[in-house]
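Structure, as structure tokens:
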Amino acid sequence: MAEAKEVLLPAGTKIPNHIAMILDGNRRWARARGLQPWEGHKAGYEAVQRLARASRKLGVHTFTVWAFSTENWDRPAKEIEAIFHLLRKAIADEEEEFHRDKVRFVHLGRKDRFPEDIAKGLAHLEEATAKYEGNVFNLALDYGGRDEIVRAVNKIQESRFKNQDSSPITEKEFESYLDTATQPYPYVDLFIRTSGEQRTSGLLPWQMTYAEMYWETDHLPDFTPEKLKEAILDYSRRRRRFGGDDRDEHLKFNPKVVARLELDWRRALNLGEDKKLRDLVVAYLKEQYGLSKELAVSAGVHMAGALLYGKDEDWAEAKKALVGLYEIVRKNVGLAMEPEIVADLQLKLWQKGGREEDYRQLYAETYRFSDLQAAKSAHLAYLANTEMDKNNYKKAKDYLERFYAALKERVA
């Protein structure tokens, strides 16, 4: 298997038990480079090798990839034969690694339409690795979501006819006839689709009821283990309710009040009013995070220090102060942030002059929601800071009020 770059996740990351991917964009990737479609499939296969290995190292138990659908038989015969060649290579090459890493291989889909050697190879891999429990690698081949459900219904009907059973079918019984039966984590936590496509196309419709969706614009060959890490971090920030009530409550501030307080301390910082700055920052933190007066003073010392160090470009001291600030917030507000990471993102924003994407990354990590959910707040913060840089505080105040309203709506 191709070597995977070592990637690490920060402490406290919620790791999905089951990731499912639709492998999209191989042909587009190839065409953009003047290559044949099968060369794109080869590059995609190598990418999947790296991703499968990386997923295990990152702590993901079950990794599902959809490589060939029931509709893919309509592709040109030469392209299908190239895909079959890669399948034969994968069956021959991967068994040793599956045994070494104790990975259970499961084929999702039909075997009856494949060439005999491929069908036998898939069955052999399943049988040879059936005893392993550490990880599961699901390979969806000649798979369709509707087809899986129809096959399950037919198997239930056959069993019930044989046993003369007319009792109502339960969910548990139905699940036992699906392709993921007997797996410890049949339900998908995180679904990833590459190449900018934004649909599930029928992958595991029963098992993906509560899957979190992640859309990646790059084609599969360019989807690296580092990008997989970003997808997992994005997943980790999401608040999953499974249809129930979200009882977490983090922010109760008044958007207009906290916006005014931010403008006050920003003016003091720009005017060099260092003594006034700390008191203004304390009031701002007390309102924004609902801290007690004592905690707000402690946090305010850290924040004021970070702002002043940042103004002087003393980044090492600024980071130390920011970490102290965010440790107080994490401990007392209940946000599942990592102070070191948030401090690094804040410094990145200051050093690069506040690009909109930097705001989005900062808020996504601080408040633990997805990049998509952070987009509105980030855009408003960017507009507010652009106006403040021009000393246009009236416009900045409007954008800040809207920013804090959007933030509260998303996090509270």
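Please note that chains go A, B, ... in the order of the structure tokens, that every chain numbers its residues from 1, and that ligands are numbered from 1 in the order shown.
Inside stretch 113-321 of chain A, the residues DSSP reads as strand (DSSP E) when given the backbone are Asn135, Val136, Phe137, Asn138, Leu139, Ala140, Leu141, Asp142, Tyr143, Leu190, Phe191, Ile192, Arg193, Glu212, Met213, Tyr214 and Trp215 of chain A.
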Alpha helix (DSSP H) call set, DSSP backbone run, stretch 131-272 of chain A, as number ranges by chain: A: 145-163, 171-175, 225-236, 255-271
Let me see the file: selected residues, C-alpha atoms, as a CSV table (one decimal), in the first residue's frame.
chain,number,residue,atom,x,y,z
A,145,GLY,CA,-28.7,1.7,-2.1
A,146,ARG,CA,-32.1,0.7,-3.5
A,147,ASP,CA,-30.6,-2.6,-4.7
A,148,GLU,CA,-29.3,-3.3,-1.1
A,149,ILE,CA,-32.8,-2.7,0.3
A,150,VAL,CA,-34.5,-4.8,-2.4
A,151,ARG,CA,-32.0,-7.6,-1.7
A,152,ALA,CA,-32.7,-7.4,2.0
A,153,VAL,CA,-36.5,-7.5,1.5
A,154,ASN,CA,-36.2,-10.6,-0.8
A,155,LYS,CA,-34.0,-12.4,1.8
A,156,ILE,CA,-36.5,-11.6,4.5
A,157,GLN,CA,-39.4,-12.8,2.3
A,158,GLU,CA,-37.6,-16.0,1.5
A,159,SER,CA,-36.7,-16.7,5.2
A,160,ARG,CA,-40.3,-15.9,6.4
A,161,PHE,CA,-41.8,-18.1,3.7
A,162,LYS,CA,-39.6,-21.0,4.7
A,163,ASN,CA,-40.4,-20.5,8.4
A,171,GLU,CA,-36.0,-2.5,12.3
A,172,LYS,CA,-33.6,-4.9,14.1
A,173,GLU,CA,-34.6,-7.8,11.8
A,174,PHE,CA,-34.3,-5.7,8.7
A,175,GLU,CA,-30.8,-4.5,9.6
A,225,PRO,CA,-4.7,12.4,4.6
A,226,GLU,CA,-4.2,16.0,5.7
A,227,LYS,CA,-7.6,16.8,4.1
A,228,LEU,CA,-9.1,13.8,5.8
A,229,LYS,CA,-7.9,15.2,9.1
A,230,GLU,CA,-9.6,18.6,8.3
A,231,ALA,CA,-12.8,16.7,7.5
A,232,ILE,CA,-12.6,14.9,10.9
A,233,LEU,CA,-11.9,18.2,12.7
A,234,ASP,CA,-14.9,19.8,11.0
A,235,TYR,CA,-17.1,16.8,12.1
A,236,SER,CA,-15.7,17.2,15.7
A,255,PRO,CA,-25.3,41.5,20.7
A,256,LYS,CA,-25.6,45.3,20.7
A,257,VAL,CA,-23.9,45.6,24.1
A,258,VAL,CA,-21.0,43.3,23.3
A,259,ALA,CA,-20.5,45.0,19.9
A,260,ARG,CA,-20.3,48.4,21.6
A,261,LEU,CA,-17.8,47.1,24.2
A,262,GLU,CA,-15.6,45.7,21.4
A,263,LEU,CA,-15.6,49.0,19.6
A,264,ASP,CA,-14.6,50.7,22.9
A,265,TRP,CA,-11.6,48.6,23.5
A,266,ARG,CA,-10.5,48.7,19.9
A,267,ARG,CA,-10.5,52.5,20.0
A,268,ALA,CA,-8.5,52.4,23.2
A,269,LEU,CA,-6.0,50.0,21.6
A,270,ASN,CA,-5.6,52.2,18.4
A,271,LEU,CA,-5.2,55.4,20.5
Can you check which parts of stretch 159-266 of chain A lie within 9 Å of stretch 26-46 of chain A? Per residue, the shortest pair of atoms and distance in Å to one decimal, counting only C-alpha atoms, sorted by chain and number, as CSV.
residue,atom,partner,partner_atom,distance
A:Ser195,CA,A:Arg28,CA,8.6
A:Asp218,CA,A:Trp29,CA,9.0
A:His219,CA,A:Trp29,CA,6.2
A:Leu220,CA,A:Gly44,CA,5.7
A:Pro221,CA,A:Gly44,CA,4.6
A:Asp222,CA,A:Gly44,CA,8.3
A:Phe223,CA,A:Gly44,CA,8.9
Go ahead and save the picked residues with C-alpha atoms, as a PDB file, in the first residue's frame.
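That gives us out-v6.pdb:
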ATOM      1  CA  SER A 195     -14.994  16.636  -6.537  1.00  0.00           C
ATOM      2  CA  ASP A 218     -10.891  18.630  -4.833  1.00  0.00           C
ATOM      3  CA  HIS A 219     -10.990  15.471  -6.940  1.00  0.00           C
ATOM      4  CA  LEU A 220     -10.232  12.158  -5.228  1.00  0.00           C
ATOM      5  CA  PRO A 221      -6.561  11.907  -6.318  1.00  0.00           C
ATOM      6  CA  ASP A 222      -5.892  15.223  -4.532  1.00  0.00           C
ATOM      7  CA  PHE A 223      -7.759  14.278  -1.334  1.00  0.00           C
TER       8      PHE A 223
END
Can you pull out every residue within 12 Å of A:Leu349, counting only C-alpha atoms, but drop anything in the same chain fewer than 3 positions away, and send it as a ChimeraX atom specification? /A:310,315,342-346,352-363,378,381-382,385
Give me, as a list in words, all polymer residues having an atom no more than 8 Å from stretch 116-125 of chain A, counting only C-alpha atoms and skipping those fewer than 6 positions away in the same chain.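 Listed by chain and then number, they are Phe84, Leu87, Arg88, Ile91, Glu95, Phe105, Val106 and His107 of chain A.
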Keeping C-alpha atoms, export the residues of the selection given above as a PDB file, in the first residue's frame.
ATOM      1  CA  PHE A  84     -11.364  -4.422 -13.025  1.00  0.00           C
ATOM      2  CA  LEU A  87      -9.629  -4.437  -8.513  1.00  0.00           C
ATOM      3  CA  ARG A  88      -7.550  -7.509  -9.259  1.00  0.00           C
ATOM      4  CA  ILE A  91      -7.333  -7.977  -4.066  1.00  0.00           C
ATOM      5  CA  GLU A  95      -4.520  -9.059   1.914  1.00  0.00           C
ATOM      6  CA  PHE A 105     -12.665  -6.656   4.767  1.00  0.00           C
ATOM      7  CA  VAL A 106     -16.333  -6.540   3.741  1.00  0.00           C
ATOM      8  CA  HIS A 107     -17.720  -6.299   0.220  1.00  0.00           C
TER       9      HIS A 107
END
Could you pull the residues within 8 Å of A:Trp215, counting only C-alpha atoms, minus those fewer than 2 positions along the same chain, as a PDB file with N, CA and C atoms, in the first residue's frame?
ATOM      1  N   ILE A 192     -18.264  11.699   3.304  1.00  0.00           N
ATOM      2  CA  ILE A 192     -17.419  12.607   2.520  1.00  0.00           C
ATOM      3  C   ILE A 192     -17.612  12.313   1.037  1.00  0.00           C
ATOM      4  N   ARG A 193     -17.808  13.362   0.255  1.00  0.00           N
ATOM      5  CA  ARG A 193     -17.826  13.189  -1.197  1.00  0.00           C
ATOM      6  C   ARG A 193     -16.876  14.197  -1.821  1.00  0.00           C
ATOM      7  N   THR A 194     -16.012  13.722  -2.684  1.00  0.00           N
ATOM      8  CA  THR A 194     -15.019  14.573  -3.324  1.00  0.00           C
ATOM      9  C   THR A 194     -15.559  15.178  -4.615  1.00  0.00           C
ATOM     10  N   GLY A 196     -16.568  18.130  -5.422  1.00  0.00           N
ATOM     11  CA  GLY A 196     -17.591  19.174  -5.402  1.00  0.00           C
ATOM     12  C   GLY A 196     -19.010  18.703  -5.621  1.00  0.00           C
ATOM     13  N   GLU A 197     -19.216  17.393  -5.740  1.00  0.00           N
ATOM     14  CA  GLU A 197     -20.577  16.867  -5.885  1.00  0.00           C
ATOM     15  C   GLU A 197     -21.272  16.871  -4.526  1.00  0.00           C
ATOM     16  N   GLN A 198     -22.558  17.279  -4.502  1.00  0.00           N
ATOM     17  CA  GLN A 198     -23.260  17.449  -3.226  1.00  0.00           C
ATOM     18  C   GLN A 198     -24.536  16.621  -3.189  1.00  0.00           C
ATOM     19  N   MET A 213     -22.612  15.437   6.714  1.00  0.00           N
ATOM     20  CA  MET A 213     -22.137  15.545   5.336  1.00  0.00           C
ATOM     21  C   MET A 213     -20.941  16.488   5.243  1.00  0.00           C
ATOM     22  N   THR A 217     -14.179  19.961  -2.513  1.00  0.00           N
ATOM     23  CA  THR A 217     -14.131  20.426  -3.897  1.00  0.00           C
ATOM     24  C   THR A 217     -13.049  19.727  -4.713  1.00  0.00           C
TER      25      THR A 217
END
Interatomic distance between atom CA of A:Met208 and atom CA of A:Val188? 5.2 Å
Residue neighbourhood A:Val60, 6 Å, only C-alpha atoms, exclusion window fewer than 3 positions, as a ChimeraX atom specification: /A:17,55-56
Write to file, as a PDB file, in the first residue's frame, the residues of the selection just made, with C-alpha atoms.
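In the end it all went to out-v9.pdb:
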ATOM      1  CA  ASN A  17     -16.525   5.571  14.360  1.00  0.00           C
ATOM      2  CA  SER A  55      -8.063   6.632   8.839  1.00  0.00           C
ATOM      3  CA  ARG A  56      -6.900   3.733  11.013  1.00  0.00           C
TER       4      ARG A  56
END
Taking 5 positions as the minimum chain separation for residues in the same chain, which residues sit within 10 Å of A:Tyr132 when counting only C-alpha atoms? Answer as a compact mmCIF listing (two decimals) with N, CA and C atoms, in the first residue's frame.
# COMPACT_ATOMS: atom_id res chain seq x y z
N PHE A 98 -4.08 -6.19 5.37
CA PHE A 98 -5.26 -6.44 6.19
C PHE A 98 -4.93 -7.40 7.33
N HIS A 99 -4.14 -8.41 7.05
CA HIS A 99 -3.74 -9.35 8.11
C HIS A 99 -2.81 -8.67 9.10
N ASP A 101 -2.57 -5.48 9.89
CA ASP A 101 -3.27 -4.47 10.71
C ASP A 101 -4.56 -5.00 11.32
N LYS A 102 -4.84 -6.29 11.09
CA LYS A 102 -6.05 -6.93 11.63
C LYS A 102 -7.32 -6.17 11.23
N VAL A 103 -7.46 -6.00 9.93
CA VAL A 103 -8.60 -5.29 9.35
C VAL A 103 -9.56 -6.30 8.73
N ARG A 104 -10.81 -6.19 9.09
CA ARG A 104 -11.83 -7.03 8.46
C ARG A 104 -12.29 -6.39 7.16
N PHE A 105 -12.22 -7.13 6.07
CA PHE A 105 -12.67 -6.66 4.77
C PHE A 105 -14.09 -7.14 4.51
So, with only C-alpha atoms as the atoms that count, which of A:Pro115, A:Ala406, A:Arg238, A:Phe137 lies closest to A:Glu81?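 Of A:Pro115, A:Ala406, A:Arg238, A:Phe137, the one nearest A:Glu81 is A:Pro115, counting only C-alpha atoms.
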Between A:Ala77, A:Tyr187, A:Ile22, A:Pro168, which is the closest to A:His61 once you count only C-alpha atoms?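 Closest candidate: A:Tyr187.
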Please, what distance in Å, to one decimal, runs between atom CA of A:Glu338 and atom CA of A:Leu400?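 Separation between atom CA of A:Glu338 and atom CA of A:Leu400: 24.9 Å.
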